[in-house]
Amino acid sequence: MSSLSLAVRDANTMLRRNLLHARRYPSLTLNLLLTPIVLLLLFVYIFGDVMSAGMGGGHADRSAYLAYLVPGILMMTIGGTVVGAAVSVSTDMAEGIVARFRTMAIHRGSVIIGHVVGSVLQSVASVVLVGAVAVAIGFRSTDATALEWLAALGLVALVALALTWIAVGMGMVSPNAEAASNNTLPLIVLPLISSAFVPLDAMPGWFRPIAEYQPFTPAIETLRGLLLGSEIGNNGWLALGWCVGLSVLGYLWTKAVFNRDPK
């Protein structure tokens with residue numbers, strides 16, 4: 001077999017290993033998935049009329065706010081799901097299984113690739129589940145074409161890939177699972193201070209740059225434009241740039257830490 005075939009085989013084996021772990025120990029995934037669903041229901045049914053009235057000049061329209069809210073919740077789902085990748089990587093490092101893999105005749109990168117691909121698949125599945133809940137409570141995307149749906153799915157996968165590489169790097173430098181969970185907190189907090197819940201124009205002037213110049217806002221606005229037919233502007237290119245930049249940064253960081261000689 002060629003070196004590429006061996007690498008693919010080993011990466012596939014590690015992917016199956018991580019997916020089996022996720023299936024056998026679903027509590028972490030379910031807990032992370034519960035947060036965006038609770039926020040979705042809370043903001044729609046508790047704050048929906050108030051928020052829509054504030055955004056609509058006094059006219060309350062809960063369904064309109066639901067349509068505005070869903071893209072942000074979907075991106076928040078990705079940020080929460082990749083925390084599981086950081087915890088899983090940190091656990092493997094702490095328990096010594098990665099050190100054991102280093103001594104085996106397998107492709108070195110397959111260990112990390114298995115974590116990354118597994119996390120991306122779980123993120124996409126989580127987005128689909130949260131999206132199904134949104135549809136069940138009334139969300140509709142009637143203006144999106146098949147091409148726009150495909151682009152939206154590609155954006156979700158690209159954001160999941162970028163955040164997963166960052167999360168894996170955080171997991172590798174964390175001494176234990178608890179530290180890994182704490183270190184990935186920005187991936188959960190950043191969507192809360194983005195345009196997920198209210199437009200940028202409605203934010204105070206001193207706070208708006210914090211929400212505007214971060215990776216989640218252009219990704220949310222791009223997804224919102226694809227699903228609802230609103231203007232995307234430069235957000236598509238900004239989202240793509242953030243995803244590529246974070247992916248490269250996370251990959252180089254993870255590679256450097258993984259290749260470091262164990263102490």
# chains A, B, ... in the order shown; residues from 1 in each chain; ligands from 1
>>> residues_around(residues="Asn182 (chain A)", least_positions_apart="4", cutoff="10 Å", atoms="only C-alpha atoms", output="PDB file with N, CA and C atoms, in the first residue's frame")
ATOM      1  N   VAL A  83     -16.431  22.035  21.549  1.00  0.00           N
ATOM      2  CA  VAL A  83     -15.851  21.897  22.890  1.00  0.00           C
ATOM      3  C   VAL A  83     -15.588  20.423  23.198  1.00  0.00           C
ATOM      4  N   ALA A  86     -12.150  19.361  22.065  1.00  0.00           N
ATOM      5  CA  ALA A  86     -11.082  19.777  22.971  1.00  0.00           C
ATOM      6  C   ALA A  86     -11.001  18.866  24.188  1.00  0.00           C
ATOM      7  N   VAL A  87     -12.156  18.535  24.749  1.00  0.00           N
ATOM      8  CA  VAL A  87     -12.189  17.651  25.916  1.00  0.00           C
ATOM      9  C   VAL A  87     -11.679  16.264  25.551  1.00  0.00           C
ATOM     10  N   MET A 170      -6.444  23.841  21.597  1.00  0.00           N
ATOM     11  CA  MET A 170      -6.701  24.146  23.011  1.00  0.00           C
ATOM     12  C   MET A 170      -6.681  22.875  23.853  1.00  0.00           C
ATOM     13  N   SER A 174      -4.055  21.740  27.117  1.00  0.00           N
ATOM     14  CA  SER A 174      -4.736  21.710  28.406  1.00  0.00           C
ATOM     15  C   SER A 174      -4.296  20.490  29.204  1.00  0.00           C
ATOM     16  N   ALA A 177      -9.263  17.494  31.199  1.00  0.00           N
ATOM     17  CA  ALA A 177     -10.511  17.776  30.494  1.00  0.00           C
ATOM     18  C   ALA A 177     -11.196  19.032  31.017  1.00  0.00           C
ATOM     19  N   GLU A 178     -11.121  19.264  32.325  1.00  0.00           N
ATOM     20  CA  GLU A 178     -11.765  20.447  32.892  1.00  0.00           C
ATOM     21  C   GLU A 178     -11.120  21.716  32.358  1.00  0.00           C
ATOM     22  N   PRO A 186     -14.358  30.849  25.140  1.00  0.00           N
ATOM     23  CA  PRO A 186     -14.601  31.908  24.133  1.00  0.00           C
ATOM     24  C   PRO A 186     -15.417  31.441  22.938  1.00  0.00           C
TER      25      PRO A 186
END
>>> select_by_dssp(residues="region 148-231 of chain A", states="alpha helix (DSSP H)", output="PyMOL selection string")
chain A and resi 148-173+177-183+185-189+208-212+216-228
>>> closest_atom_pairs(of="region 146-186 of chain A", to="region 246-255 of chain A", cutoff="6 Å", atoms="only C-alpha atoms", output="Markdown table")
| residue | atom | partner | partner_atom | distance |
| --- | --- | --- | --- | --- |
| A:Ala162 | CA | A:Ser247 | CA | 4.3 |
| A:Trp165 | CA | A:Gly250 | CA | 4.6 |
| A:Ile166 | CA | A:Gly250 | CA | 4.5 |
| A:Gly169 | CA | A:Thr254 | CA | 4.7 |
>>> atom_distance(atom1="CA of Thr184 (chain A)", atom2="CA of Leu39 (chain A)")
19.1 Å
>>> atom_distance(atom1="CA of Ala99 (chain A)", atom2="CA of Arg260 (chain A)")
11.4 Å
>>> atom_distance(atom1="CA of Gly245 (chain A)", atom2="CA of Pro209 (chain A)")
19.7 Å
>>> closest_residue(among="A:Ile112, A:Ala167, A:Ala64, A:Ile78", to="Val128 (chain A)", atoms="only C-alpha atoms")
A:Ile78
>>> closest_residue(among="A:Ala180, A:Leu15, A:Leu129, A:Gly72", to="Thr91 (chain A)", atoms="only C-alpha atoms")
A:Ala180
>>> residues_around(residues="Ser126 (chain A)", least_positions_apart="3", cutoff="8 Å", atoms="only C-alpha atoms", output="compact mmCIF listing (two decimals) with C-alpha atoms, in the first residue's frame")
# COMPACT_ATOMS: atom_id res chain seq x y z
CA LEU A 33 -26.55 20.44 22.25
CA THR A 77 -24.36 25.20 18.05
CA ILE A 78 -21.07 24.71 16.21
CA THR A 81 -20.18 21.22 19.84
CA GLN A 122 -20.82 15.85 14.95
CA SER A 123 -21.09 19.62 14.47
CA LEU A 129 -30.89 18.60 14.87
CA VAL A 130 -31.15 22.18 16.12
>>> closest_residue(among="A:Thr222, A:Asn259, A:Ser195, A:Ser90", to="Gly154 (chain A)", atoms="only C-alpha atoms")
A:Thr222
>>> closest_residue(among="A:Ser141, A:Ala136, A:Ala85, A:Phe216", to="Leu121 (chain A)", atoms="only C-alpha atoms")
A:Ala85
>>> closest_residue(among="A:Ile210, A:Ile188, A:Ala144, A:Val133", to="Val38 (chain A)", atoms="only C-alpha atoms")
A:Val133
>>> decode(residues="region 207-230 of chain A", atoms="N, CA, C and O atoms", output="compact mmCIF listing (two decimals), in the first residue's frame")
# COMPACT_ATOMS: atom_id res chain seq x y z
N PHE A 207 -19.80 49.25 22.04
CA PHE A 207 -19.82 47.78 22.03
C PHE A 207 -19.83 47.21 20.62
O PHE A 207 -19.37 46.08 20.40
N ARG A 208 -20.30 47.98 19.66
CA ARG A 208 -20.47 47.46 18.31
C ARG A 208 -19.18 46.90 17.71
O ARG A 208 -19.23 45.84 17.07
N PRO A 209 -18.01 47.55 17.86
CA PRO A 209 -16.79 46.95 17.28
C PRO A 209 -16.48 45.56 17.82
O PRO A 209 -15.93 44.72 17.11
N ILE A 210 -16.82 45.32 19.09
CA ILE A 210 -16.58 43.99 19.67
C ILE A 210 -17.39 42.94 18.95
O ILE A 210 -16.91 41.83 18.67
N ALA A 211 -18.64 43.28 18.63
CA ALA A 211 -19.50 42.33 17.93
C ALA A 211 -19.18 42.24 16.45
O ALA A 211 -19.35 41.18 15.84
N GLU A 212 -18.70 43.33 15.88
CA GLU A 212 -18.49 43.37 14.43
C GLU A 212 -17.20 42.70 14.01
O GLU A 212 -17.17 41.95 13.02
N TYR A 213 -16.12 42.93 14.76
CA TYR A 213 -14.81 42.44 14.34
C TYR A 213 -14.45 41.15 15.07
O TYR A 213 -13.54 41.10 15.88
N GLN A 214 -15.21 40.12 14.78
CA GLN A 214 -14.98 38.80 15.34
C GLN A 214 -15.50 37.79 14.32
O GLN A 214 -16.27 38.14 13.41
N PRO A 215 -15.09 36.52 14.42
CA PRO A 215 -15.42 35.56 13.36
C PRO A 215 -16.89 35.18 13.25
O PRO A 215 -17.37 34.85 12.17
N PHE A 216 -17.63 35.22 14.35
CA PHE A 216 -19.00 34.72 14.30
C PHE A 216 -19.96 35.65 13.57
O PHE A 216 -20.87 35.18 12.86
N THR A 217 -19.78 36.94 13.70
CA THR A 217 -20.73 37.88 13.08
C THR A 217 -20.78 37.75 11.56
O THR A 217 -21.88 37.61 11.00
N PRO A 218 -19.65 37.79 10.83
CA PRO A 218 -19.77 37.61 9.38
C PRO A 218 -20.30 36.25 8.97
O PRO A 218 -21.02 36.13 7.97
N ALA A 219 -19.98 35.20 9.75
CA ALA A 219 -20.51 33.87 9.44
C ALA A 219 -22.02 33.85 9.64
O ALA A 219 -22.76 33.27 8.82
N ILE A 220 -22.50 34.47 10.72
CA ILE A 220 -23.95 34.51 10.98
C ILE A 220 -24.67 35.32 9.91
O ILE A 220 -25.71 34.90 9.40
N GLU A 221 -24.12 36.47 9.55
CA GLU A 221 -24.76 37.31 8.54
C GLU A 221 -24.77 36.62 7.18
O GLU A 221 -25.74 36.77 6.41
N THR A 222 -23.71 35.88 6.87
CA THR A 222 -23.69 35.14 5.61
C THR A 222 -24.73 34.04 5.60
O THR A 222 -25.48 33.86 4.61
N LEU A 223 -24.81 33.28 6.68
CA LEU A 223 -25.82 32.21 6.77
C LEU A 223 -27.22 32.80 6.74
O LEU A 223 -28.12 32.25 6.09
N ARG A 224 -27.41 33.93 7.40
CA ARG A 224 -28.72 34.60 7.41
C ARG A 224 -29.10 35.03 6.00
O ARG A 224 -30.25 34.88 5.58
N GLY A 225 -28.14 35.56 5.26
CA GLY A 225 -28.42 35.97 3.90
C GLY A 225 -28.76 34.80 3.00
O GLY A 225 -29.65 34.90 2.14
N LEU A 226 -28.06 33.68 3.18
CA LEU A 226 -28.32 32.50 2.36
C LEU A 226 -29.69 31.90 2.64
O LEU A 226 -30.39 31.46 1.73
N LEU A 227 -30.08 31.88 3.90
CA LEU A 227 -31.34 31.23 4.27
C LEU A 227 -32.55 32.14 4.10
O LEU A 227 -33.65 31.66 3.81
N LEU A 228 -32.36 33.45 4.28
CA LEU A 228 -33.49 34.37 4.28
C LEU A 228 -33.52 35.29 3.07
O LEU A 228 -34.47 36.06 2.91
N GLY A 229 -32.48 35.25 2.26
CA GLY A 229 -32.47 36.10 1.08
C GLY A 229 -32.11 37.54 1.36
O GLY A 229 -32.37 38.42 0.52
N SER A 230 -31.52 37.84 2.52
CA SER A 230 -31.11 39.20 2.84
C SER A 230 -29.74 39.49 2.25
O SER A 230 -29.05 38.60 1.74
